[in-house]
$ cat entry.cif   # mmCIF, C-alpha atoms
data_upload
#
loop_
_atom_site.group_PDB
_atom_site.id
_atom_site.type_symbol
_atom_site.label_atom_id
_atom_site.label_comp_id
_atom_site.auth_asym_id
_atom_site.auth_seq_id
_atom_site.Cartn_x
_atom_site.Cartn_y
_atom_site.Cartn_z
ATOM 1 C CA MET A 27 6.352 13.898 -13.284
ATOM 2 C CA HIS A 28 6.494 14.594 -17.013
ATOM 3 C CA ALA A 29 10.288 14.670 -16.715
ATOM 4 C CA LEU A 30 10.082 10.909 -16.044
ATOM 5 C CA ALA A 31 7.780 10.206 -18.999
ATOM 6 C CA ASN A 32 10.700 8.961 -21.053
ATOM 7 C CA PRO A 33 11.366 5.301 -20.034
ATOM 8 C CA THR A 34 15.138 5.696 -20.428
ATOM 9 C CA ARG A 35 15.185 8.752 -18.167
ATOM 10 C CA PHE A 36 12.905 7.005 -15.680
ATOM 11 C CA LEU A 37 15.156 3.942 -15.532
ATOM 12 C CA ARG A 38 18.218 6.099 -14.840
ATOM 13 C CA PHE A 39 16.384 7.352 -11.769
ATOM 14 C CA ALA A 40 14.692 4.076 -10.808
ATOM 15 C CA ARG A 41 17.744 1.791 -10.714
ATOM 16 C CA PRO A 42 19.650 3.588 -7.923
ATOM 17 C CA ALA A 43 16.413 4.609 -6.183
ATOM 18 C CA THR A 44 15.335 0.971 -5.927
ATOM 19 C CA THR A 45 18.606 -0.007 -4.269
ATOM 20 C CA TRP A 46 18.567 2.864 -1.798
ATOM 21 C CA LEU A 47 14.917 2.382 -0.869
ATOM 22 C CA LEU A 48 15.474 -1.345 -0.365
ATOM 23 C CA LEU A 49 18.497 -0.800 1.890
ATOM 24 C CA ILE A 50 16.862 1.979 3.897
ATOM 25 C CA GLY A 51 13.677 -0.042 4.217
ATOM 26 C CA LEU A 52 15.431 -3.163 5.465
ATOM 27 C CA VAL A 53 17.563 -1.283 8.005
ATOM 28 C CA LEU A 54 14.721 0.798 9.446
ATOM 29 C CA THR A 55 12.209 -2.049 9.454
ATOM 30 C CA VAL A 56 14.564 -4.431 11.260
ATOM 31 C CA ALA A 57 15.617 -1.703 13.711
ATOM 32 C CA GLY A 58 12.019 -0.738 14.426
ATOM 33 C CA MET A 59 10.908 -4.345 14.870
ATOM 34 C CA ILE A 60 13.777 -5.165 17.248
ATOM 35 C CA ALA A 61 13.142 -2.001 19.241
ATOM 36 C CA GLY A 62 9.403 -2.654 19.384
ATOM 37 C CA LEU A 63 9.874 -6.243 20.528
ATOM 38 C CA THR A 64 12.662 -5.742 23.061
ATOM 39 C CA LEU A 65 12.961 -2.112 24.170
ATOM 40 C CA THR A 66 9.376 -1.002 24.765
ATOM 41 C CA PRO A 67 7.168 -1.923 27.742
ATOM 42 C CA PRO A 68 3.900 -3.844 27.390
ATOM 43 C CA ASP A 69 0.696 -1.831 27.445
ATOM 44 C CA TYR A 70 -1.063 -1.671 30.813
ATOM 45 C CA LEU A 71 -4.308 -2.926 29.240
ATOM 46 C CA GLN A 72 -3.338 -4.859 26.100
ATOM 47 C CA GLY A 73 -0.114 -6.322 27.423
ATOM 48 C CA GLU A 74 2.308 -7.772 24.879
ATOM 49 C CA THR A 75 -0.271 -7.752 22.053
ATOM 50 C CA VAL A 76 0.243 -4.003 21.625
ATOM 51 C CA ARG A 77 3.480 -4.791 19.775
ATOM 52 C CA ILE A 78 1.429 -5.772 16.709
ATOM 53 C CA LEU A 79 0.956 -2.046 16.075
ATOM 54 C CA TYR A 80 4.508 -1.811 14.646
ATOM 55 C CA ILE A 81 3.314 -3.942 11.710
ATOM 56 C CA HIS A 82 -0.418 -3.242 11.669
ATOM 57 C CA VAL A 83 -0.276 0.554 11.518
ATOM 58 C CA PRO A 84 2.263 0.758 8.634
ATOM 59 C CA ALA A 85 0.336 -1.958 6.774
ATOM 60 C CA ALA A 86 -2.932 -0.033 7.137
ATOM 61 C CA TRP A 87 -1.277 3.184 5.989
ATOM 62 C CA LEU A 88 0.328 1.550 2.949
ATOM 63 C CA GLY A 89 -2.815 -0.369 2.040
ATOM 64 C CA MET A 90 -4.629 2.961 1.738
ATOM 65 C CA ALA A 91 -1.673 4.888 0.288
ATOM 66 C CA GLY A 92 -1.278 2.261 -2.412
ATOM 67 C CA TRP A 93 -4.764 2.956 -3.711
ATOM 68 C CA GLY A 94 -4.045 6.665 -3.433
ATOM 69 C CA GLY A 95 -1.111 6.044 -5.764
ATOM 70 C CA ILE A 96 -3.359 4.151 -8.170
ATOM 71 C CA ALA A 97 -5.829 7.047 -8.152
ATOM 72 C CA ALA A 98 -3.015 9.543 -8.836
ATOM 73 C CA ALA A 99 -1.753 7.375 -11.702
ATOM 74 C CA SER A 100 -5.291 7.159 -13.052
ATOM 75 C CA VAL A 101 -5.634 10.951 -13.070
ATOM 76 C CA SER A 102 -2.246 11.274 -14.781
ATOM 77 C CA GLN A 103 -3.352 8.835 -17.447
ATOM 78 C CA LEU A 104 -6.845 10.181 -18.078
ATOM 79 C CA VAL A 105 -6.031 13.902 -17.853
ATOM 80 C CA TRP A 106 -2.396 14.280 -18.890
ATOM 81 C CA ARG A 107 -1.980 10.955 -20.748
ATOM 82 C CA HIS A 108 1.300 10.275 -18.960
ATOM 83 C CA PRO A 109 2.891 7.356 -20.847
ATOM 84 C CA LEU A 110 4.011 5.543 -17.690
ATOM 85 C CA ALA A 111 0.852 6.114 -15.641
ATOM 86 C CA ALA A 112 -0.777 2.779 -16.517
ATOM 87 C CA VAL A 113 2.465 0.959 -15.787
ATOM 88 C CA ALA A 114 2.732 2.720 -12.416
ATOM 89 C CA GLY A 115 -0.824 1.739 -11.510
ATOM 90 C CA ARG A 116 -0.250 -1.907 -12.399
ATOM 91 C CA ALA A 117 3.018 -1.914 -10.449
ATOM 92 C CA THR A 118 1.446 -0.358 -7.346
ATOM 93 C CA ALA A 119 -1.557 -2.666 -7.072
ATOM 94 C CA PRO A 120 0.182 -5.906 -5.936
ATOM 95 C CA ALA A 121 2.163 -4.095 -3.236
ATOM 96 C CA GLY A 122 -0.951 -2.309 -2.015
ATOM 97 C CA ALA A 123 -2.937 -5.550 -1.973
ATOM 98 C CA THR A 124 -0.176 -7.257 0.016
ATOM 99 C CA PHE A 125 -0.164 -4.595 2.715
ATOM 100 C CA ALA A 126 -3.964 -4.500 2.826
ATOM 101 C CA ALA A 127 -3.904 -8.258 3.452
ATOM 102 C CA ILE A 128 -1.239 -7.841 6.160
ATOM 103 C CA CYS A 129 -3.410 -5.167 7.768
ATOM 104 C CA LEU A 130 -6.426 -7.486 7.836
ATOM 105 C CA ILE A 131 -4.432 -10.447 9.175
ATOM 106 C CA THR A 132 -2.626 -8.512 11.913
ATOM 107 C CA GLY A 133 -5.850 -6.721 12.809
ATOM 108 C CA SER A 134 -7.601 -10.055 13.314
ATOM 109 C CA ILE A 135 -4.729 -11.364 15.444
ATOM 110 C CA TRP A 136 -4.766 -8.157 17.484
ATOM 111 C CA GLY A 137 -8.540 -8.184 17.808
ATOM 112 C CA ARG A 138 -8.834 -11.694 19.243
ATOM 113 C CA PRO A 139 -7.365 -10.903 22.717
ATOM 114 C CA THR A 140 -8.426 -7.230 22.833
ATOM 115 C CA ARG A 141 -11.981 -7.392 21.439
ATOM 116 C CA GLY A 142 -12.708 -11.078 22.016
ATOM 117 C CA THR A 143 -13.231 -11.960 18.347
ATOM 118 C CA TRP A 144 -11.159 -12.597 15.252
ATOM 119 C CA TRP A 145 -13.550 -10.667 13.033
ATOM 120 C CA GLU A 146 -16.449 -8.259 13.300
ATOM 121 C CA TRP A 147 -18.400 -6.769 10.415
ATOM 122 C CA ASP A 148 -17.918 -3.222 11.605
ATOM 123 C CA GLY A 149 -17.224 -0.199 9.426
ATOM 124 C CA ARG A 150 -13.418 -0.147 9.590
ATOM 125 C CA LEU A 151 -12.830 -3.859 9.079
ATOM 126 C CA THR A 152 -15.447 -4.232 6.374
ATOM 127 C CA SER A 153 -14.285 -1.203 4.372
ATOM 128 C CA MET A 154 -10.677 -2.434 4.598
ATOM 129 C CA LEU A 155 -11.768 -5.845 3.316
ATOM 130 C CA VAL A 156 -13.569 -4.083 0.450
ATOM 131 C CA LEU A 157 -10.299 -2.292 -0.349
ATOM 132 C CA PHE A 158 -8.485 -5.637 -0.564
ATOM 133 C CA PHE A 159 -11.082 -6.962 -3.010
ATOM 134 C CA LEU A 160 -10.856 -3.719 -4.995
ATOM 135 C CA TYR A 161 -7.134 -4.398 -5.373
ATOM 136 C CA LEU A 162 -7.808 -7.888 -6.671
ATOM 137 C CA GLY A 163 -10.344 -6.525 -9.141
ATOM 138 C CA TYR A 164 -7.940 -3.842 -10.341
ATOM 139 C CA ILE A 165 -5.124 -6.366 -10.841
ATOM 140 C CA ALA A 166 -7.381 -8.663 -12.872
ATOM 141 C CA LEU A 167 -8.883 -5.819 -14.923
ATOM 142 C CA ALA A 168 -5.560 -4.125 -15.680
ATOM 143 C CA SER A 169 -3.966 -7.437 -16.650
ATOM 144 C CA ALA A 170 -6.841 -8.355 -18.973
ATOM 145 C CA GLU A 171 -6.841 -4.916 -20.566
ATOM 146 C CA ARG A 172 -3.084 -5.061 -21.143
ATOM 147 C CA GLU A 173 -3.314 -8.516 -22.754
ATOM 148 C CA ARG A 174 -5.900 -7.164 -25.192
ATOM 149 C CA GLY A 175 -3.637 -4.279 -26.124
ATOM 150 C CA GLY A 176 -5.742 -1.625 -24.400
ATOM 151 C CA GLU A 177 -4.392 1.667 -23.054
ATOM 152 C CA GLY A 178 -5.589 0.977 -19.518
ATOM 153 C CA ARG A 179 -8.330 3.617 -19.490
ATOM 154 C CA ILE A 180 -10.948 1.231 -18.070
ATOM 155 C CA ALA A 181 -8.601 0.274 -15.227
ATOM 156 C CA ALA A 182 -7.885 3.976 -14.660
ATOM 157 C CA LEU A 183 -11.589 4.738 -14.311
ATOM 158 C CA TYR A 184 -11.909 1.797 -11.911
ATOM 159 C CA GLY A 185 -9.000 3.223 -9.896
ATOM 160 C CA LEU A 186 -10.736 6.572 -9.545
ATOM 161 C CA VAL A 187 -14.073 5.056 -8.542
ATOM 162 C CA GLY A 188 -12.383 2.801 -5.995
ATOM 163 C CA ALA A 189 -10.825 5.830 -4.303
ATOM 164 C CA ILE A 190 -14.262 6.613 -2.859
ATOM 165 C CA ASN A 191 -13.571 3.859 -0.335
ATOM 166 C CA LEU A 192 -10.552 5.654 1.186
ATOM 167 C CA PRO A 193 -12.467 8.331 3.157
ATOM 168 C CA ILE A 194 -14.945 5.648 4.197
ATOM 169 C CA ILE A 195 -12.084 3.658 5.754
ATOM 170 C CA HIS A 196 -10.652 6.735 7.447
ATOM 171 C CA TYR A 197 -13.889 8.092 8.927
ATOM 172 C CA SER A 198 -15.640 4.784 9.576
ATOM 173 C CA VAL A 199 -14.786 4.813 13.289
ATOM 174 C CA LEU A 200 -16.444 8.232 13.569
ATOM 175 C CA TRP A 201 -19.490 7.567 11.399
ATOM 176 C CA TRP A 202 -20.544 4.250 12.952
ATOM 177 C CA ARG A 203 -20.508 2.698 16.398
ATOM 178 C CA THR A 204 -17.880 0.002 16.124
ATOM 179 C CA LEU A 205 -15.710 -2.415 18.060
ATOM 180 C CA HIS A 206 -12.646 -0.985 16.349
ATOM 181 C CA GLN A 207 -10.916 1.631 18.464
ATOM 182 C CA GLY A 208 -10.945 5.258 17.382
ATOM 183 C CA GLU A 209 -8.028 7.135 15.889
ATOM 184 C CA SER A 210 -5.026 6.815 18.218
ATOM 185 C CA ILE A 211 -2.568 8.820 16.109
ATOM 186 C CA GLY A 212 -3.410 12.132 14.488
ATOM 187 C CA LEU A 213 -1.758 15.261 13.161
ATOM 188 C CA THR A 214 -2.041 17.003 16.515
ATOM 189 C CA GLY A 215 -0.854 14.178 18.752
ATOM 190 C CA SER A 216 -1.331 10.610 19.904
ATOM 191 C CA THR A 217 -3.113 8.801 22.700
ATOM 192 C CA ILE A 218 -0.335 6.172 22.758
ATOM 193 C CA ASP A 219 2.369 6.701 25.367
ATOM 194 C CA SER A 220 5.709 7.793 23.929
ATOM 195 C CA SER A 221 7.512 4.871 25.589
ATOM 196 C CA ILE A 222 5.536 2.537 23.297
ATOM 197 C CA LEU A 223 5.170 4.819 20.290
ATOM 198 C CA TRP A 224 8.792 5.752 19.496
ATOM 199 C CA PRO A 225 9.730 2.675 17.345
ATOM 200 C CA LEU A 226 6.647 3.171 15.145
ATOM 201 C CA PRO A 227 8.169 5.926 12.948
ATOM 202 C CA LEU A 228 11.043 3.544 12.160
ATOM 203 C CA THR A 229 8.737 0.817 10.873
ATOM 204 C CA MET A 230 6.516 3.378 9.141
ATOM 205 C CA VAL A 231 9.408 4.796 7.130
ATOM 206 C CA GLY A 232 10.947 1.338 6.719
ATOM 207 C CA PHE A 233 7.844 -0.335 5.316
ATOM 208 C CA THR A 234 7.122 2.703 3.142
ATOM 209 C CA SER A 235 10.625 2.471 1.668
ATOM 210 C CA LEU A 236 10.148 -1.242 0.987
ATOM 211 C CA PHE A 237 6.816 -0.440 -0.646
ATOM 212 C CA GLY A 238 8.493 2.118 -2.900
ATOM 213 C CA ALA A 239 11.268 -0.325 -3.794
ATOM 214 C CA ALA A 240 8.715 -3.013 -4.695
ATOM 215 C CA VAL A 241 6.771 -0.618 -6.926
ATOM 216 C CA LEU A 242 9.932 0.530 -8.702
ATOM 217 C CA MET A 243 11.085 -3.053 -9.230
ATOM 218 C CA ARG A 244 7.754 -4.051 -10.736
ATOM 219 C CA THR A 245 7.730 -0.954 -12.934
ATOM 220 C CA ARG A 246 11.225 -1.731 -14.212
ATOM 221 C CA ALA A 247 10.263 -5.364 -14.835
ATOM 222 C CA GLU A 248 7.191 -4.368 -16.840
ATOM 223 C CA LEU A 249 9.159 -1.853 -18.918
ATOM 224 C CA ALA A 250 11.745 -4.542 -19.638
ATOM 225 C CA GLU A 251 8.977 -6.977 -20.631
ATOM 226 C CA THR A 252 7.443 -4.373 -22.945
ATOM 227 C CA LYS A 253 10.850 -3.775 -24.538
ATOM 228 C CA VAL A 254 11.336 -7.505 -25.130
ATOM 229 C CA GLU A 255 7.849 -7.853 -26.616
ATOM 230 C CA ALA A 256 8.490 -4.944 -28.992
ATOM 231 C CA ARG A 257 11.791 -6.509 -30.075
ATOM 232 C CA MET A 258 10.112 -9.862 -30.685
ATOM 233 C CA ARG A 259 7.440 -8.219 -32.825
ATOM 234 C CA ARG A 260 10.102 -6.450 -34.906
ATOM 235 C CA MET A 261 11.981 -9.727 -35.383
ATOM 236 C CA GLY A 262 8.762 -11.476 -36.403
ATOM 237 C CA ALA A 263 7.982 -8.799 -38.969
ATOM 238 C CA GLU A 264 11.369 -9.086 -40.646
#
$ encode --input "entry.cif" --output "structure tokens"
Amino acid sequence: MHALANPTRFLRFARPATTWLLLIGLVLTVAGMIAGLTLTPPDYLQGETVRILYIHVPAAWLGMAGWGGIAAASVSQLVWRHPLAAVAGRATAPAGATFAAICLITGSIWGRPTRGTWWEWDGRLTSMLVLFFLYLGYIALASAERERGGEGRIAALYGLVGAINLPIIHYSVLWWRTLHQGESIGLTGSTIDSSILWPLPLTMVGFTSLFGAAVLMRTRAELAETKVEARMRRMGAE
């Protein structure tokens, strides 16, 4: 990662990577959505509502992975003082918050016909809602710290503390009795039939690629803004 510490070197990598991730993400996401809506059978219990999983599962994964990225950027900033770590954290937060919100919305839509309620204050739903609010707090804190000319260390500490919520989200269905179903997909297999499951990897990779493209675009935009601000300060000093 230190090889990308130089903004010029990072931008040489980020420009083509953004384009490729965007194209790959769009193709795979559209393909996975079409396949999930037209080529898979309805579930024998949930019927057509099972098709929400092609959006809900990637959104849940990226909502959590986004904060994992913030935590990694926070460690890079606090331990190794990586010059782009604070920028990476600020760029990741809006994308992570967006997918956390999509996860909550699609989960509520999915829960209404399957669990009989739009919302339940169980462990999984509540901890995911906490994650969304953590994102909002991080965005506000990082923005305020940047406006004051800070290095982003307070936001980095906040990012590390907020990471405590990730294992709570993951294990909540095991720790507490809840309306939310248990883990359906794991490292050793899945309880979902393959005839329904096969489009999910397409949307998983597709949404993840779009997430990466969004983060790179925001990082590039912030670096460009910083460059303009530095130029304006030099012009004002002359």
$ closest_residue --input "entry.cif" --among "A:Ile50, A:Ala112, A:Ala61, A:Val231" --to "Ala85 of chain A" --atoms "all atoms listed in the file"
A:Val231
$ residues_near_point --input "entry.cif" --point "(-5.4, -7.4, 3.7)" --cutoff "9 Å" --atoms "all atoms listed in the file" --output "number ranges by chain"
A: 85-86, 89, 122-132, 154-155, 157-159
$ residues_near_point --input "entry.cif" --point "(-16.7, 1.3, 9.0)" --cutoff "8 Å" --atoms "all atoms listed in the file" --output "PDB file with C-alpha atoms, in the coordinates of the input"
ATOM      1  CA  ASP A 148     -17.918  -3.222  11.605  1.00  0.00           C
ATOM      2  CA  GLY A 149     -17.224  -0.199   9.426  1.00  0.00           C
ATOM      3  CA  ARG A 150     -13.418  -0.147   9.590  1.00  0.00           C
ATOM      4  CA  LEU A 151     -12.830  -3.859   9.079  1.00  0.00           C
ATOM      5  CA  THR A 152     -15.447  -4.232   6.374  1.00  0.00           C
ATOM      6  CA  SER A 153     -14.285  -1.203   4.372  1.00  0.00           C
ATOM      7  CA  ILE A 194     -14.945   5.648   4.197  1.00  0.00           C
ATOM      8  CA  ILE A 195     -12.084   3.658   5.754  1.00  0.00           C
ATOM      9  CA  TYR A 197     -13.889   8.092   8.927  1.00  0.00           C
ATOM     10  CA  SER A 198     -15.640   4.784   9.576  1.00  0.00           C
ATOM     11  CA  VAL A 199     -14.786   4.813  13.289  1.00  0.00           C
ATOM     12  CA  TRP A 201     -19.490   7.567  11.399  1.00  0.00           C
ATOM     13  CA  TRP A 202     -20.544   4.250  12.952  1.00  0.00           C
ATOM     14  CA  THR A 204     -17.880   0.002  16.124  1.00  0.00           C
TER      15      THR A 204
END
$ residues_around --input "entry.cif" --residues "Gly238 of chain A" --least-positions-apart "3" --cutoff "8 Å" --atoms "only C-alpha atoms" --output "list of chain:residue names"
A:Thr44, A:Leu47, A:Thr234, A:Ser235, A:Val241, A:Leu242
$ closest_residue --input "entry.cif" --among "A:Pro67, A:Arg179, A:Pro120, A:Ile190" --to "Ser102 of chain A" --atoms "only C-alpha atoms"
A:Arg179
$ axis_aligned_box --input "entry.cif" --around "segment 233-241 of chain A" --padding-each-side "3 Å" --output "JSON"
{"center_x": 9.0, "center_y": -0.2, "center_z": -0.8, "size_x": 10.5, "size_y": 11.7, "size_z": 18.2}
$ atom_distance --input "entry.cif" --atom1 "atom CA of Gly133 of chain A" --atom2 "atom CA of Trp145 of chain A"
8.7 Å
$ atom_distance --input "entry.cif" --atom1 "atom CA of Ser220 of chain A" --atom2 "atom CA of Arg141 of chain A"
23.4 Å
$ atom_distance --input "entry.cif" --atom1 "atom CA of Ala250 of chain A" --atom2 "atom CA of Ser169 of chain A"
16.3 Å
$ closest_residue --input "entry.cif" --among "A:Pro42, A:Gly178, A:Gly73, A:Gly142" --to "Ala111 of chain A" --atoms "only C-alpha atoms"
A:Gly178
$ residues_around --input "entry.cif" --residues "Trp136 of chain A" --least-positions-apart "6" --cutoff "12 Å" --atoms "only C-alpha atoms" --output "number ranges by chain"
A: 72-83, 128-130, 142-145, 206-207
$ closest_residue --input "entry.cif" --among "A:Trp46, A:Ala57, A:Phe39, A:Leu110" --to "Thr229 of chain A" --atoms "only C-alpha atoms"
A:Ala57
$ resolve_selection --input "entry.cif" --expression "the PyMOL selection byres ((chain A and resi 227) around 10)" --output "PyMOL selection string"
chain A and resi 54-55+58+80+84+223-226+228-233
$ write_last_selection --input "entry.cif" --atoms "C-alpha atoms" --output "PDB file, in the coordinates of the input"
ATOM      1  CA  LEU A  54      14.721   0.798   9.446  1.00  0.00           C
ATOM      2  CA  THR A  55      12.209  -2.049   9.454  1.00  0.00           C
ATOM      3  CA  GLY A  58      12.019  -0.738  14.426  1.00  0.00           C
ATOM      4  CA  TYR A  80       4.508  -1.811  14.646  1.00  0.00           C
ATOM      5  CA  PRO A  84       2.263   0.758   8.634  1.00  0.00           C
ATOM      6  CA  LEU A 223       5.170   4.819  20.290  1.00  0.00           C
ATOM      7  CA  TRP A 224       8.792   5.752  19.496  1.00  0.00           C
ATOM      8  CA  PRO A 225       9.730   2.675  17.345  1.00  0.00           C
ATOM      9  CA  LEU A 226       6.647   3.171  15.145  1.00  0.00           C
ATOM     10  CA  LEU A 228      11.043   3.544  12.160  1.00  0.00           C
ATOM     11  CA  THR A 229       8.737   0.817  10.873  1.00  0.00           C
ATOM     12  CA  MET A 230       6.516   3.378   9.141  1.00  0.00           C
ATOM     13  CA  VAL A 231       9.408   4.796   7.130  1.00  0.00           C
ATOM     14  CA  GLY A 232      10.947   1.338   6.719  1.00  0.00           C
ATOM     15  CA  PHE A 233       7.844  -0.335   5.316  1.00  0.00           C
TER      16      PHE A 233
END
$ closest_residue --input "entry.cif" --among "A:Leu249, A:Ala43, A:Ile135, A:Ile222" --to "Thr64 of chain A" --atoms "only C-alpha atoms"
A:Ile222
